[in-house]
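Q: One file is attached below, structure.txt, containing compact mmCIF, C-alpha atoms.
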```txt
# COMPACT_ATOMS: atom_id res chain seq x y z
CA MET A 28 -145.72 -207.85 102.63
CA LYS A 29 -148.44 -210.04 104.11
CA ILE A 30 -146.29 -210.67 107.18
CA ILE A 31 -145.84 -206.93 107.61
CA SER A 32 -149.58 -206.39 107.23
CA PHE A 33 -150.26 -209.07 109.80
CA ILE A 34 -147.87 -207.54 112.33
CA LEU A 35 -149.32 -204.10 111.70
CA SER A 36 -152.92 -205.25 112.11
CA PHE A 37 -152.07 -207.14 115.26
CA CYS A 38 -150.32 -204.16 116.84
CA ILE A 39 -153.26 -201.88 116.07
CA TYR A 40 -155.68 -204.45 117.45
CA VAL A 41 -153.75 -204.72 120.73
CA ASN A 42 -153.61 -200.93 120.94
CA LEU A 43 -157.38 -200.65 120.57
CA ILE A 44 -157.95 -203.13 123.36
CA GLY A 45 -155.62 -201.36 125.78
CA GLN A 46 -156.25 -197.66 125.12
CA ASP A 47 -159.14 -195.24 124.74
CA ILE A 48 -160.52 -193.62 121.62
CA HIS A 49 -158.50 -190.54 120.68
CA PHE A 50 -158.98 -187.56 118.37
CA SER A 51 -156.37 -185.10 117.12
CA GLN A 52 -158.89 -182.24 117.46
CA PHE A 53 -159.22 -182.87 121.20
CA ASN A 54 -160.61 -179.39 121.92
CA ASP A 55 -163.65 -180.19 119.73
CA LEU A 56 -164.83 -182.98 122.08
CA PRO A 57 -164.80 -181.24 125.49
CA LEU A 58 -166.66 -183.86 127.54
CA ALA A 59 -164.15 -186.54 126.53
CA LEU A 60 -161.34 -184.20 127.57
CA ASN A 61 -162.64 -183.33 131.03
CA PRO A 62 -166.10 -183.69 132.66
CA ALA A 63 -165.46 -180.33 134.37
CA LEU A 64 -165.86 -178.70 130.93
CA SER A 65 -169.55 -179.61 130.70
CA GLY A 66 -171.45 -176.35 130.39
CA LYS A 67 -168.23 -174.32 130.23
CA MET A 68 -168.89 -172.12 127.20
CA ASP A 69 -170.06 -168.59 126.32
CA GLY A 70 -173.68 -169.66 125.97
CA THR A 71 -176.33 -171.86 127.52
CA LEU A 72 -176.42 -174.80 125.11
CA ARG A 73 -173.71 -176.50 123.06
CA SER A 74 -173.79 -179.55 120.85
CA GLY A 75 -171.38 -181.10 118.41
CA THR A 76 -170.08 -184.11 116.55
CA ILE A 77 -166.68 -185.35 115.42
CA TYR A 78 -165.67 -188.11 113.00
CA ARG A 79 -162.25 -189.74 112.48
CA ASN A 80 -161.20 -192.10 109.67
CA GLN A 81 -157.75 -193.67 110.17
CA TRP A 82 -155.40 -196.05 108.28
CA ASN A 83 -157.40 -195.87 105.06
CA SER A 84 -154.14 -196.23 103.10
CA ILE A 85 -153.29 -199.58 104.74
CA SER A 86 -156.53 -201.54 105.09
CA ILE A 87 -160.21 -201.09 105.82
CA PRO A 88 -160.19 -197.84 107.83
CA PHE A 89 -160.67 -197.58 111.58
CA GLU A 90 -163.56 -195.22 112.33
CA SER A 91 -164.37 -193.21 115.46
CA THR A 92 -167.41 -190.99 116.01
CA GLY A 93 -168.40 -188.71 118.87
CA LEU A 94 -171.67 -186.91 119.68
CA TYR A 95 -172.27 -184.63 122.64
CA ALA A 96 -174.57 -181.96 124.05
CA ASP A 97 -174.15 -179.90 127.21
CA PHE A 98 -176.01 -177.10 128.96
CA LYS A 99 -175.43 -174.32 131.48
CA ILE A 100 -177.91 -172.97 134.02
CA SER A 101 -177.63 -170.42 136.82
CA PRO A 102 -180.24 -171.03 139.54
CA LYS A 103 -180.98 -168.07 141.80
CA PHE A 104 -179.85 -169.89 144.92
CA LEU A 105 -176.31 -170.10 143.48
CA ARG A 106 -176.11 -166.28 143.40
CA GLY A 107 -174.43 -165.89 140.02
CA GLN A 108 -172.61 -169.22 139.91
CA ASN A 109 -173.40 -171.85 137.28
CA ILE A 110 -174.13 -175.55 136.92
CA GLY A 111 -173.29 -177.51 133.80
CA TRP A 112 -174.44 -180.92 132.65
CA GLY A 113 -174.07 -182.94 129.48
CA VAL A 114 -174.34 -186.25 127.66
CA GLN A 115 -171.87 -187.91 125.31
CA LEU A 116 -171.94 -190.91 122.96
CA LEU A 117 -168.80 -192.41 121.40
CA ASN A 118 -168.38 -195.23 118.89
CA ASP A 119 -165.13 -196.84 117.76
CA ARG A 120 -165.01 -199.54 115.08
CA SER A 121 -161.93 -201.44 113.93
CA GLY A 122 -161.27 -201.76 110.20
CA SER A 123 -162.59 -205.30 109.81
CA GLY A 124 -165.36 -204.79 112.33
CA ALA A 125 -163.77 -207.34 114.66
CA LEU A 126 -163.81 -204.96 117.62
CA ASN A 127 -166.62 -202.49 118.25
CA GLU A 128 -167.01 -200.18 121.24
CA ASN A 129 -169.87 -197.88 122.31
CA THR A 130 -169.61 -195.46 125.24
CA LEU A 131 -172.41 -193.49 126.86
CA SER A 132 -171.77 -191.04 129.69
CA PHE A 133 -173.55 -188.29 131.62
CA SER A 134 -171.59 -185.47 133.24
CA GLY A 135 -172.28 -182.69 135.70
CA SER A 136 -170.17 -179.76 136.85
CA TYR A 137 -170.16 -176.76 139.19
CA HIS A 138 -168.71 -173.41 138.10
CA HIS A 139 -167.49 -170.92 140.71
CA PHE A 140 -166.06 -167.43 140.18
CA LEU A 141 -163.27 -166.70 142.64
CA THR A 142 -163.46 -162.90 142.42
CA GLU A 143 -166.14 -160.23 142.20
CA LYS A 144 -164.74 -159.18 138.80
CA GLU A 145 -165.45 -162.74 137.61
CA ASP A 146 -162.03 -162.98 135.97
CA HIS A 147 -161.05 -166.28 137.66
CA LEU A 148 -163.30 -169.31 137.20
CA VAL A 149 -162.83 -172.78 138.67
CA THR A 150 -164.96 -175.78 137.73
CA GLY A 151 -165.24 -179.32 139.03
CA GLY A 152 -167.12 -182.17 137.41
CA ILE A 153 -167.90 -185.87 137.42
CA SER A 154 -168.96 -188.28 134.70
CA ILE A 155 -171.00 -191.47 135.15
CA GLY A 156 -171.71 -193.93 132.38
CA GLY A 157 -170.56 -197.15 130.83
CA PHE A 158 -169.23 -198.84 127.74
CA GLN A 159 -170.16 -201.86 125.64
CA LYS A 160 -167.55 -203.81 123.67
CA SER A 161 -168.05 -206.68 121.26
CA ILE A 162 -165.57 -208.79 119.30
CA ASP A 163 -165.86 -211.13 116.31
CA LEU A 164 -162.94 -213.60 116.22
CA SER A 165 -163.85 -214.75 112.72
CA GLU A 166 -162.62 -211.38 111.45
CA LEU A 167 -159.17 -211.79 113.05
CA ASN A 168 -156.07 -213.80 112.21
CA PHE A 169 -153.67 -215.09 114.86
CA GLU A 170 -150.04 -216.11 114.78
CA ASN A 171 -150.73 -219.87 114.98
CA GLN A 172 -152.82 -219.63 111.79
CA PHE A 173 -150.00 -218.22 109.68
CA ILE A 174 -148.36 -220.69 107.26
CA VAL A 175 -144.79 -219.60 106.57
CA GLU A 176 -144.38 -221.80 103.47
CA ASN A 177 -147.35 -220.17 101.74
CA ALA A 178 -146.86 -216.74 103.32
CA ASN A 179 -150.57 -216.78 104.02
CA PHE A 180 -153.14 -217.63 106.69
CA GLY A 181 -154.64 -221.09 106.72
CA ASN A 182 -158.11 -222.27 107.64
CA MET A 183 -157.15 -223.84 110.96
CA SER A 184 -158.81 -222.74 114.18
CA SER A 185 -157.22 -219.98 116.22
CA ASN A 186 -158.01 -221.93 119.44
CA GLU A 187 -159.12 -218.69 121.06
CA ASN A 188 -161.86 -219.38 123.62
CA LEU A 189 -163.74 -216.40 124.97
CA GLU A 190 -165.99 -216.30 128.00
CA SER A 191 -168.19 -213.93 126.03
CA ASN A 192 -167.87 -211.99 122.79
CA SER A 193 -169.56 -208.97 124.37
CA LEU A 194 -169.16 -207.10 127.65
CA LEU A 195 -170.92 -204.23 129.39
CA ARG A 196 -169.24 -202.20 132.13
CA MET A 197 -169.94 -199.13 134.27
CA ASP A 198 -167.36 -196.34 134.38
CA LEU A 199 -166.55 -193.17 136.33
CA ALA A 200 -164.48 -190.04 135.70
CA MET A 201 -163.79 -186.72 137.42
CA GLY A 202 -161.87 -183.54 136.73
CA GLY A 203 -161.29 -179.88 137.42
CA SER A 204 -160.31 -176.74 135.53
CA TRP A 205 -159.27 -173.11 136.05
CA THR A 206 -159.73 -170.18 133.66
CA TYR A 207 -158.50 -166.59 133.72
CA PHE A 208 -160.30 -163.90 131.70
CA ASP A 209 -158.52 -160.67 130.77
CA PRO A 210 -160.55 -157.53 129.90
CA TYR A 211 -158.42 -157.06 126.77
CA GLY A 212 -159.35 -160.46 125.36
CA TYR A 213 -156.50 -162.58 126.69
CA GLN A 214 -157.53 -165.90 128.21
CA LEU A 215 -155.78 -168.84 129.85
CA SER A 216 -157.32 -172.15 130.88
CA ALA A 217 -155.90 -175.36 132.35
CA GLY A 218 -157.34 -178.58 133.71
CA ILE A 219 -156.77 -182.14 134.80
CA SER A 220 -159.07 -185.16 134.59
CA VAL A 221 -158.96 -188.84 135.52
CA PHE A 222 -160.99 -191.46 133.64
CA HIS A 223 -161.81 -195.09 134.54
CA LEU A 224 -161.71 -194.45 138.27
CA SER A 225 -163.50 -197.74 138.94
CA ARG A 226 -161.04 -199.65 136.70
CA PRO A 227 -163.67 -201.92 135.07
CA ASN A 228 -162.69 -205.39 133.84
CA ASN A 229 -161.79 -205.12 130.16
CA SER A 230 -161.17 -208.77 129.31
CA PHE A 231 -163.19 -211.08 127.05
CA TYR A 232 -161.36 -214.05 128.59
CA ARG A 233 -161.87 -215.73 131.94
CA LYS A 234 -159.47 -213.44 133.75
CA GLU A 235 -159.28 -210.02 135.36
CA ASP A 236 -157.84 -207.26 133.15
CA ALA A 237 -158.65 -203.93 134.78
CA LEU A 238 -158.86 -201.02 132.37
CA ALA A 239 -155.99 -198.66 133.17
CA ARG A 240 -156.85 -195.21 134.44
CA LYS A 241 -156.29 -192.38 132.00
CA VAL A 242 -155.06 -188.96 133.12
CA ASN A 243 -155.49 -185.88 130.93
CA ILE A 244 -153.57 -182.67 131.58
CA HIS A 245 -154.63 -179.91 129.22
CA ALA A 246 -154.35 -176.17 128.70
CA ASN A 247 -155.31 -173.61 126.11
CA GLY A 248 -155.26 -169.87 125.68
CA VAL A 249 -156.39 -166.93 123.57
CA TYR A 250 -153.75 -164.37 122.57
CA PRO A 251 -155.03 -161.41 120.50
CA ILE A 252 -152.29 -160.33 118.11
CA ASN A 253 -154.25 -157.32 116.80
CA GLN A 254 -157.86 -156.43 115.98
CA ARG A 255 -158.10 -159.12 113.31
CA PHE A 256 -155.79 -161.97 114.36
CA ASP A 257 -155.96 -164.24 117.40
CA LEU A 258 -153.57 -167.02 118.35
CA ASP A 259 -155.14 -169.94 120.25
CA PRO A 260 -152.41 -172.32 121.49
CA SER A 261 -153.23 -175.54 123.36
CA PHE A 262 -151.71 -178.81 124.50
CA LEU A 263 -152.80 -182.18 125.86
CA ILE A 264 -150.76 -184.69 127.84
CA SER A 265 -152.56 -188.02 128.16
CA THR A 266 -151.21 -191.06 130.02
CA GLN A 267 -152.74 -194.54 130.14
CA ASN A 268 -151.34 -198.02 130.68
CA LYS A 269 -147.70 -196.78 130.70
CA ASN A 270 -148.29 -194.98 127.39
CA THR A 271 -148.00 -191.21 127.07
CA SER A 272 -149.38 -189.08 124.27
CA ILE A 273 -148.41 -185.41 123.95
CA VAL A 274 -150.25 -183.14 121.51
CA VAL A 275 -149.22 -179.50 121.17
CA GLY A 276 -150.09 -176.82 118.63
CA THR A 277 -152.04 -173.68 117.86
CA ASP A 278 -154.90 -172.24 115.83
CA LEU A 279 -154.63 -168.91 114.03
CA LEU A 280 -157.94 -167.05 113.67
CA TYR A 281 -158.69 -164.19 111.27
CA ASP A 282 -161.75 -162.05 112.03
CA LEU A 283 -163.52 -160.80 108.89
CA GLY A 284 -164.98 -158.00 111.01
CA ARG A 285 -167.57 -155.74 109.41
CA LYS A 286 -167.12 -157.16 105.92
CA THR A 287 -170.17 -159.33 106.59
CA VAL A 288 -173.33 -159.03 108.66
CA GLU A 289 -172.50 -162.23 110.55
CA LYS A 290 -169.55 -162.75 112.86
CA ILE A 291 -167.13 -164.91 110.83
CA ASP A 292 -163.66 -166.18 111.76
CA LEU A 293 -161.44 -168.10 109.39
CA LYS A 294 -158.90 -170.37 111.06
CA VAL A 295 -155.96 -172.63 110.31
CA GLY A 296 -154.14 -174.86 112.77
CA PHE A 297 -151.01 -176.89 113.15
CA PHE A 298 -150.62 -179.56 115.85
CA ALA A 299 -148.12 -182.34 116.51
CA ARG A 300 -148.62 -185.61 118.37
CA LEU A 301 -145.00 -186.05 119.36
CA GLY A 302 -143.39 -189.09 117.76
CA ASP A 303 -146.57 -190.06 115.94
CA ALA A 304 -148.25 -187.54 113.62
CA LEU A 305 -148.53 -183.96 112.38
CA ASN A 306 -152.06 -182.57 112.19
CA PHE A 307 -153.18 -179.73 109.92
CA THR A 308 -156.61 -178.13 110.30
CA ILE A 309 -158.70 -175.54 108.51
CA GLY A 310 -162.06 -174.24 109.61
CA MET A 311 -164.51 -171.42 110.14
CA ASN A 312 -166.57 -169.92 112.95
CA HIS A 313 -169.88 -168.50 111.69
CA ASP A 314 -171.90 -166.84 114.45
CA ASN A 315 -173.00 -169.80 116.62
CA TRP A 316 -171.56 -172.48 114.31
CA SER A 317 -168.06 -173.88 113.98
CA ILE A 318 -166.59 -176.41 111.55
CA ASP A 319 -163.07 -177.89 111.43
CA LEU A 320 -161.42 -180.21 108.92
CA GLY A 321 -158.14 -181.90 109.82
CA TYR A 322 -155.66 -184.39 108.45
CA ASP A 323 -152.91 -186.38 110.17
CA LEU A 324 -149.59 -187.03 108.47
CA ASN A 325 -148.06 -190.14 109.98
CA VAL A 326 -144.41 -189.67 111.04
CA SER A 327 -144.07 -192.76 113.26
CA GLY A 328 -142.36 -196.06 112.48
CA LEU A 329 -145.44 -197.05 110.45
CA ARG A 330 -144.95 -194.31 107.85
CA GLN A 331 -143.37 -196.72 105.33
CA ALA A 332 -146.47 -198.89 105.33
CA SER A 333 -148.92 -195.99 105.60
CA GLN A 334 -147.08 -193.82 103.05
CA SER A 335 -147.25 -191.09 105.72
CA ARG A 336 -151.05 -190.99 105.41
CA GLY A 337 -152.77 -191.14 108.77
CA ALA A 338 -156.28 -189.93 109.53
CA PHE A 339 -158.98 -187.52 108.39
CA GLU A 340 -161.14 -185.71 110.94
CA MET A 341 -164.17 -183.44 110.73
CA SER A 342 -165.96 -181.70 113.59
CA ILE A 343 -169.05 -179.49 113.74
CA SER A 344 -170.37 -177.66 116.80
CA PHE A 345 -173.15 -175.23 117.69
CA VAL A 346 -173.40 -172.87 120.68
CA ASN A 347 -176.67 -171.12 121.54
CA ARG A 348 -175.56 -167.79 123.01
CA MET A 349 -178.97 -166.09 123.29
CA TYR A 350 -181.36 -168.74 124.64
CA LYS A 351 -184.50 -166.94 125.88
CA GLY A 352 -185.21 -169.50 128.59
CA ALA A 353 -181.95 -168.78 130.37
CA LYS A 354 -181.98 -166.73 133.55
CA ASN A 355 -179.17 -165.09 135.48
CA ILE A 356 -176.74 -165.58 132.59
CA LYS A 357 -174.40 -162.74 131.69
CA TYR A 358 -173.56 -162.15 128.03
CA VAL A 359 -170.70 -160.15 126.56
CA ILE A 360 -171.49 -158.75 123.11
CA PRO A 361 -168.41 -157.63 121.10
CA GLY A 362 -168.47 -153.91 120.31
CA ASN A 363 -167.76 -154.45 116.62
CA ARG A 364 -171.15 -156.16 116.28
CA LEU A 365 -172.83 -152.81 117.04
CA LEU A 366 -170.93 -150.70 114.52
```
Would you give me this structure, written as structure tokens?
A:
Amino acid sequence: MKIISFILSFCIYVNLIGQDIHFSQFNDLPLALNPALSGKMDGTLRSGTIYRNQWNSISIPFESTGLYADFKISPKFLRGQNIGWGVQLLNDRSGSGALNENTLSFSGSYHHFLTEKEDHLVTGGISIGGFQKSIDLSELNFENQFIVENANFGNMSSNENLESNSLLRMDLAMGGSWTYFDPYGYQLSAGISVFHLSRPNNSFYRKEDALARKVNIHANGVYPINQRFDLDPSFLISTQNKNTSIVVGTDLLYDLGRKTVEKIDLKVGFFARLGDALNFTIGMNHDNWSIDLGYDLNVSGLRQASQSRGAFEMSISFVNRMYKGAKNIKYVIPGNRLL
């Protein structure tokens, strides 16, 4: 069992070094999905947070946290077009605390309507920032320290010599998106983004190990089934360092309508990260607020060790749709709010 635990921990550790932070609820962290999405919302200000706790059933959990805020303005000289900008902070901490990563980025975007009816919107954006990583070798065990006779790790040195146990690097990203708005409530959006354009050195050793570029291809839609139910399907294809992750699924929203003074939607979701996990979500939209709770069921080759238990996620977001300081912003108020 200890050998299995060692192999498992080592594989996860290598994966954290070579790949970015990921969340199953990818739509709830828009700036990490695509910098072109900064400011792309039905309001003028948006902020949110997301938290992920993974592998709690195997060892000390791996924890990831995201915070973001973005804004939309429409200067007069743009003649009805918009500019978006935002800031994002991410933290990822391995179970033992051996590897810790902090990422700070600032993004800006330009939004352009292609038609006078404003039913086709294209956006382009860039992100500039950096990340800080630190590692504590005393919290890790290596293969040469394992004593087969005792089925345990000894006290001998790992002989791992680092140039530094901390590194700080600049980073760049860019992306674009397209959205179609239908007067009957149908909506379709798609985008592509590329992260780590500068390919910063990611090694703690005295060698060059350029961080692989990550490409996100994403799409989502809104399909009104009737006056009360909406179907919101989405998918994400993410590739990095010869690894591909595909997440596909949908949210089902139920509008409580005039049963309450506030605008309230109840929602449930089902998503699958192909070959890895099934994700179930439940949440609520309450006027400007939204909350989602999700859980991953592990279906990969690690399910025997994890007992199929994967990760818990929670996200909260706020959108200010009636900010008095905004100018040249068009609002659409649903008719059922006036009845």
Q: Could you check how far atom CA of Ala246 of chain A sits from atom CA of Leu283 of chain A, in Å to one decimal?
A: 26.7 Å
Q: Skipping near chain neighbours, those fewer than 3 positions away, what residues fall within 12 Å of His49 of chain A using only C-alpha atoms, listed as a count of residues only?
A: 35
Q: Enter the distance from atom CA of Tyr232 of chain A to atom CA of Ser193 of chain A, in Å, rounded to one decimal.
A: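 Separating atom CA of Tyr232 of chain A from atom CA of Ser193 of chain A is a distance of 10.5 Å.
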Q: Just how far from atom CA of Leu141 of chain A is atom CA of Tyr213 of chain A, in Å to one decimal?
A: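 We find that atom CA of Tyr213 of chain A and atom CA of Leu141 of chain A lie 17.8 Å from each other.
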Q: Need the neighbours of (-160.7, -178.6, 135.4): which residues are at most 9 Å away, counting all atoms listed in the file, as a short mmCIF file (atom, residue, chain, number, x, y, z; two decimals) with C-alpha atoms, in the frame of the given file?
A:
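Output contents, as saved in point.cif:
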```
data_model
loop_
_atom_site.label_atom_id
_atom_site.label_comp_id
_atom_site.auth_asym_id
_atom_site.auth_seq_id
_atom_site.Cartn_x
_atom_site.Cartn_y
_atom_site.Cartn_z
CA ASN A 61 -162.64 -183.33 131.03
CA PRO A 62 -166.10 -183.69 132.66
CA ALA A 63 -165.46 -180.33 134.37
CA LEU A 64 -165.86 -178.70 130.93
CA VAL A 149 -162.83 -172.78 138.67
CA THR A 150 -164.96 -175.78 137.73
CA GLY A 151 -165.24 -179.32 139.03
CA GLY A 152 -167.12 -182.17 137.41
CA MET A 201 -163.79 -186.72 137.42
CA GLY A 202 -161.87 -183.54 136.73
CA GLY A 203 -161.29 -179.88 137.42
CA SER A 204 -160.31 -176.74 135.53
CA TRP A 205 -159.27 -173.11 136.05
CA THR A 206 -159.73 -170.18 133.66
CA SER A 216 -157.32 -172.15 130.88
CA ALA A 217 -155.90 -175.36 132.35
CA GLY A 218 -157.34 -178.58 133.71
CA ILE A 219 -156.77 -182.14 134.80
CA SER A 220 -159.07 -185.16 134.59
CA HIS A 245 -154.63 -179.91 129.22
#
```
Q: Kindly indicate which residue among A:Ile110, A:Met197, A:Leu164, A:Ile155 lies nearest to Ala125 of chain A, using all atoms listed in the file for the distances.
A: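 When distances to Ala125 of chain A are compared using all atoms listed in the file, the smallest one comes from A:Leu164.
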Q: Pick out the closest residue to His223 of chain A from this set: A:Asn253, A:Thr142, A:Gln108, A:Ser132. Count only C-alpha atoms.
A: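 Under the stated criterion, the closest residue is A:Ser132.
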Q: Restricting the calculation to only C-alpha atoms: of A:Leu126, A:Val346, A:Pro102, A:Phe50, which residue gets closest to Lys67 of chain A?
A: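 For Lys67 of chain A, the nearest of the given residues is A:Val346.
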Q: For Leu194 of chain A, please output as number ranges by chain all residues within 7 Å (counting all atoms listed in the file; exclusion window: fewer than 4 positions along the same chain).
A: A: 159-161
Q: Taking only C-alpha atoms into account, which of A:Val326, A:Arg240, A:Asn229, A:Leu116 comes nearest Asn268 of chain A?
A: A:Arg240
Q: Can you list, as a list of chain:residue names, every protein, DNA or RNA residue that comes within 8 Å of Leu131 of chain A when you count all atoms listed in the file, leaving out same-chain residues fewer than 2 positions away?
A: A:Val114, A:Gln115, A:Leu116, A:Leu117, A:Asn129, A:Phe133, A:Gly156, A:Gly157, A:Phe158
Q: Starting from the block above, write segment 204-232 of chain A out to a file with C-alpha atoms, as a tab-separated table (two decimals), in the first residue's frame, please.
A:
```
chain	number	residue	atom	x	y	z
A	204	SER	CA	-14.41	34.90	-28.93
A	205	TRP	CA	-17.62	35.17	-30.98
A	206	THR	CA	-21.20	35.31	-29.68
A	207	TYR	CA	-24.57	35.22	-31.43
A	208	PHE	CA	-27.67	36.62	-29.69
A	209	ASP	CA	-31.14	35.53	-30.80
A	210	PRO	CA	-34.19	37.74	-30.04
A	211	TYR	CA	-36.02	34.68	-28.68
A	212	GLY	CA	-33.38	33.98	-26.05
A	213	TYR	CA	-31.16	31.53	-27.90
A	214	GLN	CA	-27.44	32.20	-27.63
A	215	LEU	CA	-24.25	30.62	-28.94
A	216	SER	CA	-20.68	31.52	-28.02
A	217	ALA	CA	-17.29	30.08	-28.95
A	218	GLY	CA	-13.68	31.06	-28.37
A	219	ILE	CA	-10.04	30.10	-28.47
A	220	SER	CA	-7.16	31.21	-26.25
A	221	VAL	CA	-3.43	30.54	-25.94
A	222	PHE	CA	-1.60	30.80	-22.62
A	223	HIS	CA	2.16	30.94	-21.85
A	224	LEU	CA	3.02	32.63	-25.13
A	225	SER	CA	6.45	33.59	-23.79
A	226	ARG	CA	7.11	30.00	-22.61
A	227	PRO	CA	8.78	30.98	-19.30
A	228	ASN	CA	11.39	28.69	-17.73
A	229	ASN	CA	9.62	26.41	-15.26
A	230	SER	CA	12.59	24.55	-13.78
A	231	PHE	CA	14.00	24.71	-10.24
A	232	TYR	CA	17.17	23.01	-11.51
```
